[in-house]
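Data block below; observations after.
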Amino acid sequence: MRLTRSAAVTMVPLVVVILGTHLEAQWMKYPTAGVPRKADGNVNMTAPTPRMADGKPDFSGIWTTAEPNRGTGASARAGTDDKPGDPAAITASRQMRDIGVDLPGGLPYQPWLIPIVKQRTANDAIDDPHIRCLPDNFLRAYGLPHLLKFIHTPNLLVVLNEMNAGYRQVFTDARPLPKDPTPSWQGYSSAKWSGDTLVVDTIGLRDDTWIDWNGSVLKSGARTSVTWKSR
C-alpha cells in the first residue's frame with residue numbers, strides 16, 4: 001500500500017491500529033519547475049531523491065496511489081515501467097475497497113465491527129461518507145485515485161487533497177501529541193526522523209471515519225504510525 005510520485009521516493013504504512021471517479025486537478029497540464037527530466041522531456045521516475053537544505057528527503061510534490069490503474073491495456077500498464085499512469089484512465093486500486101487486502105488474514109477487526117463491515121459490503125457502501133462528499137482522511141487517500149500535493153519544510157509537512165480541498169498538517173519537530181484531542185477528520189500528527197525515514201504518529205481521528213469502501217472504520221482512541229522513506 002503506497003503512494004507514488006515522479007521522483008525516487010516511496011511511502012509505506014508501517015502500522016495501522018485497527019484498525020472512482022474522473023481525476024481532476026488544478027494546473028494539471030502545466031509543467032512543474034525543478035522536476036528531474038530525461039533528455040526527451042519525460043519525468044525521470046528513477047532520479048535521486050530530492051532533499052531539503054538540512055539534507056533530509058524532500059517529499060514535496062504531487063502524489064497518488066501507487067497502483068491507480070486496474071483496468072486493461074494501457075491503464076493496466078502503470079507500475080510495470082518507469083512511466084506514470086494516464087490520469088484519464090484511472091479506475092481504482094485494490095486498497096480502495098479493502099485497505100487491508102495485503103495484510104495476512106485482512107484487517108484485525110474487533111468483534112463489534114465484523115457485522116457492520118459485512119452489512120456495508122453487502123449494501124455497496126450506501127452510507128459511505130465519501131459518497132456524500134465528506135472529507136476523506138489520510139489513510140483512505142492511500143487507496144483513492146485522487147491527487148495529493150505535499151508541501152514539505154524542515155518543520156512541517158502539509159498535505160493538500162484535491163478532493164474537496166482538504167488538508168492535513170504533520171509537524172516534524174517531534175512535538176508531544178495532545179493528551180485529550182478533539183476528534184477531527186485528519187487527527188493530530190507529530191513526526192520524527194529516523195535516518196532518511198520520517199515516522200509519523202497520529203491520534204484524535206473521528207469515530208465515523210471510513211478508511212475503505214468495505215466500511216472499515218477507526219475509533220477516536222486509535223493511534224496510527226506511518227513511515228515515509230526515500231529509496
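Convention: chains lettered A, B, ... in C-alpha cells order; per-chain residue numbering from 1; ligands numbered from 1 as shown.
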Among region 105-155 of chain A, which residues does DSSP mark as strand (DSSP E) when it is run on the backbone? Keep the chain and numbering as in the structure and answer as a PyMOL selection string.
chain A and resi 148-153
How would the residues just chosen look if you wrote them out with N, CA, C and O atoms as a PDB file, in the first residue's frame?
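And here's selection_26.pdb as it stands now:
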ATOM      1  N   LEU A 148      -2.723  14.209  -4.315  1.00  0.00           N
ATOM      2  CA  LEU A 148      -2.330  14.843  -3.065  1.00  0.00           C
ATOM      3  C   LEU A 148      -1.093  15.691  -3.327  1.00  0.00           C
ATOM      4  O   LEU A 148      -0.122  15.211  -3.908  1.00  0.00           O
ATOM      5  N   LYS A 149      -1.119  16.927  -2.883  1.00  0.00           N
ATOM      6  CA  LYS A 149       0.038  17.802  -3.035  1.00  0.00           C
ATOM      7  C   LYS A 149       0.726  17.946  -1.686  1.00  0.00           C
ATOM      8  O   LYS A 149       0.118  18.368  -0.710  1.00  0.00           O
ATOM      9  N   PHE A 150       2.003  17.560  -1.631  1.00  0.00           N
ATOM     10  CA  PHE A 150       2.801  17.666  -0.421  1.00  0.00           C
ATOM     11  C   PHE A 150       3.648  18.944  -0.481  1.00  0.00           C
ATOM     12  O   PHE A 150       4.330  19.191  -1.481  1.00  0.00           O
ATOM     13  N   ILE A 151       3.601  19.722   0.571  1.00  0.00           N
ATOM     14  CA  ILE A 151       4.473  20.893   0.733  1.00  0.00           C
ATOM     15  C   ILE A 151       5.317  20.633   1.968  1.00  0.00           C
ATOM     16  O   ILE A 151       4.804  20.581   3.088  1.00  0.00           O
ATOM     17  N   HIS A 152       6.610  20.453   1.764  1.00  0.00           N
ATOM     18  CA  HIS A 152       7.489  19.976   2.831  1.00  0.00           C
ATOM     19  C   HIS A 152       8.518  21.033   3.202  1.00  0.00           C
ATOM     20  O   HIS A 152       9.235  21.552   2.349  1.00  0.00           O
ATOM     21  N   THR A 153       8.587  21.354   4.486  1.00  0.00           N
ATOM     22  CA  THR A 153       9.619  22.224   5.034  1.00  0.00           C
ATOM     23  C   THR A 153      10.301  21.468   6.174  1.00  0.00           C
ATOM     24  O   THR A 153       9.810  20.415   6.593  1.00  0.00           O
TER      25      THR A 153
END
Using only C-alpha atoms, which of A:Asp180, A:Asp136, A:Asp196, A:Asp128 sits nearest Pro57 (chain A)?
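Of the candidates, the smallest distance to Pro57 (chain A) is held by A:Asp196.
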My list of candidates is A:Asp40, A:Asp212, A:Asp54, A:Asp98. Which is closest to Trp193 (chain A) when distances are computed with only C-alpha atoms?
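When distances to Trp193 (chain A) are compared using only C-alpha atoms, the smallest one comes from A:Asp54.
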Restricting the calculation to only C-alpha atoms: of A:Arg97, A:Pro36, A:Ser60, A:Gly41, which residue gets closest to Val159 (chain A)?
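Going through A:Arg97, A:Pro36, A:Ser60, A:Gly41 one by one, the smallest distance to Val159 (chain A) is for A:Ser60.
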For Asp208 (chain A), which residue among A:Leu134, A:Leu103, A:Val35, A:Leu157 is the nearest when counting only C-alpha atoms?
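Smallest separation from Asp208 (chain A) among the options: A:Leu134.
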Take CA of Gly34 (chain A) and CA of Thr46 (chain A) and report the distance between them in Å, one decimal.
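Atom-to-atom, CA of Gly34 (chain A) and CA of Thr46 (chain A) are spaced 14.8 Å apart.
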Return the single residue from A:Trp112, A:Ile203, A:Asn155, A:Asn161 that is closest to Asp58 (chain A), with distances computed using only C-alpha atoms.
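Distance minimum relative to Asp58 (chain A) lands on A:Asn155.
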Compile the contact shell of Val200 (chain A) as a PyMOL selection string: residues with an atom at most 9 Å away, counting only C-alpha atoms, same-chain residues fewer than 4 positions apart removed.
chain A and resi 170-172+174+189-193+224-228
Enumerate the residues of region 32-226 of chain A with a DSSP assignment of helix (DSSP H, G or I), computed from the backbone, and present them as a ChimeraX atom specification.
/A:73-76,87-89,94-97,114-122,138-141,163-165
CA of Asn137 (chain A) to CA of Ser194 (chain A): how many Å, to one decimal?
24.7 Å
Could you please determine the separation between CA of Thr64 (chain A) and CA of Glu162 (chain A) in Å, to one decimal place?
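CA of Glu162 (chain A) lies at a distance of 10.6 Å from CA of Thr64 (chain A).
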Among the residues A:Pro50, A:Arg94, A:Leu156, A:Pro115, the one that comes closest to Asp173 (chain A) [using only C-alpha atoms]:
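With only C-alpha atoms as the atom set, the closest residue is A:Leu156.
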